[in-house]
>>> print(open('input-v6.cif').read())   # mmCIF, C-alpha atoms
data_my_file
#
loop_
_atom_site.group_PDB
_atom_site.id
_atom_site.type_symbol
_atom_site.label_atom_id
_atom_site.label_comp_id
_atom_site.auth_asym_id
_atom_site.auth_seq_id
_atom_site.Cartn_x
_atom_site.Cartn_y
_atom_site.Cartn_z
ATOM 1 C CA MET A 1002 -43.066 -4.650 -13.162
ATOM 2 C CA ASN A 1003 -43.290 -8.168 -14.488
ATOM 3 C CA ARG A 1004 -40.524 -10.663 -14.840
ATOM 4 C CA GLU A 1005 -40.036 -10.085 -18.552
ATOM 5 C CA SER A 1006 -39.654 -6.318 -18.160
ATOM 6 C CA ARG A 1007 -37.037 -6.788 -15.413
ATOM 7 C CA ARG A 1008 -34.725 -8.900 -17.562
ATOM 8 C CA PRO A 1009 -32.945 -6.043 -19.373
ATOM 9 C CA VAL A 1010 -32.456 -4.268 -16.045
ATOM 10 C CA LEU A 1011 -30.969 -7.403 -14.474
ATOM 11 C CA ARG A 1012 -28.699 -7.933 -17.467
ATOM 12 C CA ALA A 1013 -27.510 -4.344 -17.217
ATOM 13 C CA LEU A 1014 -26.916 -4.729 -13.487
ATOM 14 C CA ARG A 1015 -24.905 -7.911 -14.093
ATOM 15 C CA VAL A 1016 -22.592 -5.875 -16.305
ATOM 16 C CA LEU A 1017 -22.611 -2.538 -14.480
ATOM 17 C CA VAL A 1018 -22.081 -3.808 -10.896
ATOM 18 C CA PRO A 1019 -18.884 -5.757 -11.714
ATOM 19 C CA LEU A 1020 -17.731 -2.871 -13.903
ATOM 20 C CA ALA A 1021 -18.342 -0.364 -11.080
ATOM 21 C CA LEU A 1022 -16.489 -2.636 -8.639
ATOM 22 C CA ALA A 1023 -13.587 -2.986 -11.076
ATOM 23 C CA VAL A 1024 -13.394 0.803 -11.559
ATOM 24 C CA ALA A 1025 -13.497 1.358 -7.786
ATOM 25 C CA LEU A 1026 -10.794 -1.263 -7.261
ATOM 26 C CA LEU A 1027 -8.612 0.232 -9.995
ATOM 27 C CA TRP A 1028 -9.073 3.711 -8.532
ATOM 28 C CA ALA A 1029 -8.114 2.456 -5.046
ATOM 29 C CA VAL A 1030 -5.008 0.690 -6.415
ATOM 30 C CA HIS A 1031 -4.063 3.803 -8.372
ATOM 31 C CA ALA A 1032 -4.495 6.047 -5.300
ATOM 32 C CA TRP A 1033 -2.468 3.643 -3.154
ATOM 33 C CA ARG A 1034 0.364 3.437 -5.729
ATOM 34 C CA LEU A 1035 0.330 7.198 -6.226
ATOM 35 C CA ALA A 1036 0.642 7.778 -2.472
ATOM 36 C CA ALA A 1037 3.417 5.181 -2.243
ATOM 37 C CA GLY A 1038 5.227 6.803 -5.180
ATOM 38 C CA VAL A 1039 4.966 10.277 -3.670
ATOM 39 C CA ASP A 1040 6.262 8.922 -0.342
ATOM 40 C CA ASP A 1041 9.152 7.242 -2.149
ATOM 41 C CA ILE A 1042 10.039 10.435 -4.016
ATOM 42 C CA ALA A 1043 9.826 12.459 -0.787
ATOM 43 C CA ARG A 1044 12.107 9.990 1.014
ATOM 44 C CA HIS A 1045 14.681 10.097 -1.801
ATOM 45 C CA ALA A 1046 14.472 13.909 -1.954
ATOM 46 C CA GLY A 1047 15.042 14.102 1.806
ATOM 47 C CA GLN A 1048 18.078 11.844 1.546
ATOM 48 C CA ARG A 1049 19.450 13.882 -1.367
ATOM 49 C CA LEU A 1050 18.855 17.127 0.527
ATOM 50 C CA ALA A 1051 20.716 15.775 3.575
ATOM 51 C CA LEU A 1052 23.639 14.726 1.365
ATOM 52 C CA LEU A 1053 23.785 18.085 -0.429
ATOM 53 C CA SER A 1054 23.503 19.948 2.864
ATOM 54 C CA ALA A 1055 26.410 17.973 4.326
ATOM 55 C CA SER A 1056 28.447 18.639 1.173
ATOM 56 C CA LEU A 1057 27.731 22.360 1.382
ATOM 57 C CA ASP A 1058 28.681 22.433 5.069
ATOM 58 C CA ALA A 1059 31.950 20.638 4.295
ATOM 59 C CA GLU A 1060 32.712 23.029 1.435
ATOM 60 C CA LEU A 1061 32.106 26.083 3.612
ATOM 61 C CA LEU A 1062 34.228 24.645 6.437
ATOM 62 C CA ARG A 1063 37.184 24.417 4.042
ATOM 63 C CA PHE A 1064 37.400 28.199 4.037
ATOM 64 C CA GLU A 1065 36.410 28.975 7.623
ATOM 65 C CA SER A 1066 39.949 29.292 8.974
ATOM 66 C CA LEU A 1067 41.275 31.456 6.119
ATOM 67 C CA PRO A 1068 40.372 34.857 7.627
ATOM 68 C CA ALA A 1069 41.998 34.022 10.963
ATOM 69 C CA VAL A 1070 45.129 32.668 9.283
ATOM 70 C CA LEU A 1071 45.408 35.593 6.870
ATOM 71 C CA ALA A 1072 44.901 38.109 9.676
ATOM 72 C CA ARG A 1073 48.161 36.857 11.223
ATOM 73 C CA HIS A 1074 50.180 37.700 8.123
ATOM 74 C CA PRO A 1075 51.918 41.047 8.763
ATOM 75 C CA VAL A 1076 51.167 42.513 5.323
ATOM 76 C CA LEU A 1077 47.390 42.647 5.737
ATOM 77 C CA PRO A 1078 47.265 44.533 9.077
ATOM 78 C CA ALA A 1079 49.999 46.835 7.738
ATOM 79 C CA LEU A 1080 47.875 47.637 4.671
ATOM 80 C CA LEU A 1081 44.855 48.298 6.867
ATOM 81 C CA ALA A 1082 47.001 50.731 8.882
ATOM 82 C CA ASP A 1083 48.324 52.443 5.724
ATOM 83 C CA PRO A 1084 45.877 51.850 2.826
ATOM 84 C CA ASP A 1085 47.671 54.312 0.525
ATOM 85 C CA ASP A 1086 50.980 52.387 0.564
ATOM 86 C CA ALA A 1087 51.304 51.019 -2.997
ATOM 87 C CA GLY A 1088 54.043 48.569 -1.973
ATOM 88 C CA LEU A 1089 51.886 47.040 0.774
ATOM 89 C CA ARG A 1090 48.933 46.906 -1.616
ATOM 90 C CA ALA A 1091 51.020 44.993 -4.190
ATOM 91 C CA GLN A 1092 52.272 42.586 -1.515
ATOM 92 C CA ALA A 1093 48.733 42.042 -0.208
ATOM 93 C CA ASN A 1094 47.354 41.397 -3.712
ATOM 94 C CA ALA A 1095 50.129 38.878 -4.398
ATOM 95 C CA LEU A 1096 49.602 37.225 -1.011
ATOM 96 C CA LEU A 1097 45.847 36.814 -1.522
ATOM 97 C CA GLU A 1098 46.368 35.529 -5.065
ATOM 98 C CA ASP A 1099 49.011 33.038 -3.905
ATOM 99 C CA VAL A 1100 47.028 31.831 -0.889
ATOM 100 C CA ASN A 1101 43.902 31.382 -3.012
ATOM 101 C CA ALA A 1102 45.756 29.126 -5.457
ATOM 102 C CA ARG A 1103 45.433 26.317 -2.886
ATOM 103 C CA PRO A 1104 41.848 26.365 -1.560
ATOM 104 C CA ARG A 1105 40.513 28.036 -4.724
ATOM 105 C CA ALA A 1106 37.865 30.174 -3.138
ATOM 106 C CA ALA A 1107 35.998 32.302 -5.646
ATOM 107 C CA MET A 1108 37.830 35.348 -4.286
ATOM 108 C CA LEU A 1109 39.796 36.475 -1.261
ATOM 109 C CA TYR A 1110 39.809 40.168 -0.512
ATOM 110 C CA LEU A 1111 40.692 42.642 2.207
ATOM 111 C CA ILE A 1112 38.195 45.373 2.987
ATOM 112 C CA GLY A 1113 39.159 48.488 4.914
ATOM 113 C CA PRO A 1114 37.022 49.934 7.726
ATOM 114 C CA ASP A 1115 35.323 52.307 5.256
ATOM 115 C CA GLY A 1116 34.170 49.394 3.063
ATOM 116 C CA ASP A 1117 36.722 49.920 0.280
ATOM 117 C CA THR A 1118 38.470 46.791 -0.997
ATOM 118 C CA LEU A 1119 42.189 47.332 -0.525
ATOM 119 C CA ALA A 1120 43.501 44.067 -2.016
ATOM 120 C CA ALA A 1121 42.030 41.014 -3.712
ATOM 121 C CA SER A 1122 43.046 37.677 -5.141
ATOM 122 C CA ASN A 1123 41.461 38.767 -8.443
ATOM 123 C CA TRP A 1124 43.500 41.986 -8.628
ATOM 124 C CA ARG A 1125 44.782 41.164 -12.153
ATOM 125 C CA ARG A 1126 41.306 40.785 -13.678
ATOM 126 C CA ALA A 1127 39.246 43.504 -15.307
ATOM 127 C CA ALA A 1128 36.434 42.823 -12.813
ATOM 128 C CA SER A 1129 38.789 43.097 -9.823
ATOM 129 C CA PHE A 1130 37.289 43.817 -6.420
ATOM 130 C CA VAL A 1131 40.099 46.288 -5.644
ATOM 131 C CA GLY A 1132 38.616 49.747 -5.223
ATOM 132 C CA GLU A 1133 35.031 48.480 -4.899
ATOM 133 C CA ASN A 1134 33.078 49.471 -1.803
ATOM 134 C CA TYR A 1135 31.167 46.795 0.091
ATOM 135 C CA ALA A 1136 30.090 48.833 3.124
ATOM 136 C CA PHE A 1137 26.461 48.098 2.190
ATOM 137 C CA ARG A 1138 26.889 44.329 2.560
ATOM 138 C CA PRO A 1139 25.535 42.712 5.739
ATOM 139 C CA TYR A 1140 28.686 40.575 6.089
ATOM 140 C CA PHE A 1141 30.794 43.737 6.211
ATOM 141 C CA ARG A 1142 28.604 45.371 8.858
ATOM 142 C CA ALA A 1143 28.590 42.137 10.914
ATOM 143 C CA ALA A 1144 32.381 41.906 10.710
ATOM 144 C CA LEU A 1145 32.778 45.528 11.843
ATOM 145 C CA ALA A 1146 30.529 44.739 14.802
ATOM 146 C CA GLY A 1147 32.864 41.866 15.717
ATOM 147 C CA GLY A 1148 30.807 39.054 14.177
ATOM 148 C CA ALA A 1149 31.717 36.391 11.660
ATOM 149 C CA GLY A 1150 30.362 38.328 8.689
ATOM 150 C CA LYS A 1151 28.721 35.508 6.721
ATOM 151 C CA PHE A 1152 26.271 36.228 3.923
ATOM 152 C CA PHE A 1153 24.970 34.704 0.680
ATOM 153 C CA ALA A 1154 24.194 37.083 -2.173
ATOM 154 C CA VAL A 1155 24.618 37.806 -5.851
ATOM 155 C CA GLY A 1156 27.915 39.626 -6.328
ATOM 156 C CA ALA A 1157 27.667 43.370 -6.889
ATOM 157 C CA THR A 1158 30.703 43.224 -9.187
ATOM 158 C CA THR A 1159 30.526 39.725 -10.664
ATOM 159 C CA ARG A 1160 26.737 39.151 -10.683
ATOM 160 C CA VAL A 1161 27.566 35.587 -9.578
ATOM 161 C CA PRO A 1162 25.917 34.116 -6.445
ATOM 162 C CA GLY A 1163 28.374 33.554 -3.634
ATOM 163 C CA PHE A 1164 28.805 33.068 0.086
#
>>> encode(input="input-v6.cif", output="C-alpha cells")
Amino acid sequence: MNRESRRPVLRALRVLVPLALAVALLWAVHAWRLAAGVDDIARHAGQRLALLSASLDAELLRFESLPAVLARHPVLPALLADPDDAGLRAQANALLEDVNARPRAAMLYLIGPDGDTLAASNWRRAASFVGENYAFRPYFRAALAGGAGKFFAVGATTRVPGF
C-alpha cells in the first residue's frame, strides 16, 4: 500500500480512535454514575426501611399490654365462664368499646375456648365480630397453647389486613 492510498485510512483513524475513546469514556462514566446512583438509592431505602420497621414495632408495642390488663377485669373471665349470660355479654361489649376508645386498636374482642367471639369493641356495627368463629386462626391456636397468639392476616370478616 503506498502513501497516497493510506491517507484516507489515516484520516478515518484520526476520527474513529478519538471517537471510540470518547464513547468508552462516556460508557465508563455512565456505568460509574449508575452504580453510585443504585448504591445511593439502596442506602436511602435501607434507612427508610429501618425507620418504618421501628415505627411498626412502636405501634405494635402500644397494644402489647392490653390483653394482660383486660384479663384482670372481672367481666371478661366471668363471660368466659358463662358465655350465655346476656348481661355479662353486654358489659363485656361496652368495656371493650370503652377501652378501645383510648388506644384505638382496629378491634378488641374476646374469644371463647371454642373459637366463638363472645364480645367485641365493634359490637354495634353490622360487621361485628360477635358470634364469628376464629378457631381456624393461628393466633387463636397459639393462645390456647399458652403462647402470645400473634398473627398478621387479612380479616375473615372485614377483609382488611391486620395484626
>>> atom_distance(input="input-v6.cif", atom1="CA of Ala1120 (chain A)", atom2="CA of Leu1097 (chain A)")
7.6 Å
>>> resolve_selection(input="input-v6.cif", expression="the PyMOL selection byres ((chain A and resi 1107-1118) around 6)", output="PDB file with C-alpha atoms, keeping the file's coordinate frame")
ATOM      1  CA  ALA A1106      37.865  30.174  -3.138  1.00  0.00           C
ATOM      2  CA  LEU A1119      42.189  47.332  -0.525  1.00  0.00           C
ATOM      3  CA  ALA A1120      43.501  44.067  -2.016  1.00  0.00           C
ATOM      4  CA  ALA A1121      42.030  41.014  -3.712  1.00  0.00           C
ATOM      5  CA  SER A1122      43.046  37.677  -5.141  1.00  0.00           C
ATOM      6  CA  VAL A1131      40.099  46.288  -5.644  1.00  0.00           C
ATOM      7  CA  GLY A1132      38.616  49.747  -5.223  1.00  0.00           C
ATOM      8  CA  GLU A1133      35.031  48.480  -4.899  1.00  0.00           C
ATOM      9  CA  ASN A1134      33.078  49.471  -1.803  1.00  0.00           C
ATOM     10  CA  TYR A1135      31.167  46.795   0.091  1.00  0.00           C
ATOM     11  CA  ALA A1136      30.090  48.833   3.124  1.00  0.00           C
TER      12      ALA A1136
END
>>> atom_distance(input="input-v6.cif", atom1="CA of Ala1146 (chain A)", atom2="CA of Pro1075 (chain A)")
22.5 Å
>>> resolve_selection(input="input-v6.cif", expression="the PyMOL selection byres ((chain A and resi 1139) around 10)", output="list of chain:residue names")
A:Tyr1135, A:Ala1136, A:Phe1137, A:Arg1138, A:Tyr1140, A:Phe1141, A:Arg1142, A:Ala1143, A:Ala1144, A:Leu1145, A:Gly1150, A:Lys1151, A:Phe1152, A:Phe1153, A:Ala1154
>>> closest_residue(input="input-v6.cif", among="A:Ala1095, A:Ala1127, A:Leu1050, A:Leu1035", to="Val1076 (chain A)", atoms="only C-alpha atoms")
A:Ala1095
>>> residues_around(input="input-v6.cif", residues="Arg1063 (chain A)", least_positions_apart="3", cutoff="12 Å", atoms="only C-alpha atoms", output="JSON, numbers by chain")
{"A": [1056, 1057, 1058, 1059, 1060, 1066, 1067, 1068, 1101, 1103, 1104, 1105, 1106]}
>>> atom_distance(input="input-v6.cif", atom1="CA of Asn1094 (chain A)", atom2="CA of Leu1080 (chain A)")
10.5 Å
>>> closest_residue(input="input-v6.cif", among="A:Ala1036, A:Arg1044, A:Asn1123, A:Ala1021", to="Leu1096 (chain A)", atoms="all atoms listed in the file")
A:Asn1123
>>> build_atoms(input="input-v6.cif", residues="region 1009-1020 of chain A", atoms="N, CA and C atoms", output="compact mmCIF listing (two decimals), keeping the file's coordinate frame")
# COMPACT_ATOMS: atom_id res chain seq x y z
N PRO A 1009 -33.98 -6.95 -18.89
CA PRO A 1009 -32.94 -6.04 -19.37
C PRO A 1009 -32.26 -5.30 -18.22
N VAL A 1010 -33.04 -4.97 -17.19
CA VAL A 1010 -32.46 -4.27 -16.05
C VAL A 1010 -31.48 -5.19 -15.33
N LEU A 1011 -31.85 -6.44 -15.14
CA LEU A 1011 -30.97 -7.40 -14.47
C LEU A 1011 -29.71 -7.66 -15.30
N ARG A 1012 -29.87 -7.75 -16.61
CA ARG A 1012 -28.70 -7.93 -17.47
C ARG A 1012 -27.75 -6.73 -17.35
N ALA A 1013 -28.33 -5.56 -17.34
CA ALA A 1013 -27.51 -4.34 -17.22
C ALA A 1013 -26.82 -4.31 -15.87
N LEU A 1014 -27.52 -4.71 -14.82
CA LEU A 1014 -26.92 -4.73 -13.49
C LEU A 1014 -25.80 -5.76 -13.41
N ARG A 1015 -25.96 -6.89 -14.09
CA ARG A 1015 -24.90 -7.91 -14.09
C ARG A 1015 -23.63 -7.39 -14.75
N VAL A 1016 -23.77 -6.47 -15.65
CA VAL A 1016 -22.59 -5.88 -16.30
C VAL A 1016 -22.09 -4.65 -15.52
N LEU A 1017 -23.00 -3.80 -15.11
CA LEU A 1017 -22.61 -2.54 -14.48
C LEU A 1017 -22.05 -2.72 -13.07
N VAL A 1018 -22.58 -3.62 -12.27
CA VAL A 1018 -22.08 -3.81 -10.90
C VAL A 1018 -20.63 -4.31 -10.92
N PRO A 1019 -20.30 -5.36 -11.67
CA PRO A 1019 -18.88 -5.76 -11.71
C PRO A 1019 -17.99 -4.67 -12.31
N LEU A 1020 -18.51 -3.95 -13.31
CA LEU A 1020 -17.73 -2.87 -13.90
C LEU A 1020 -17.47 -1.76 -12.87
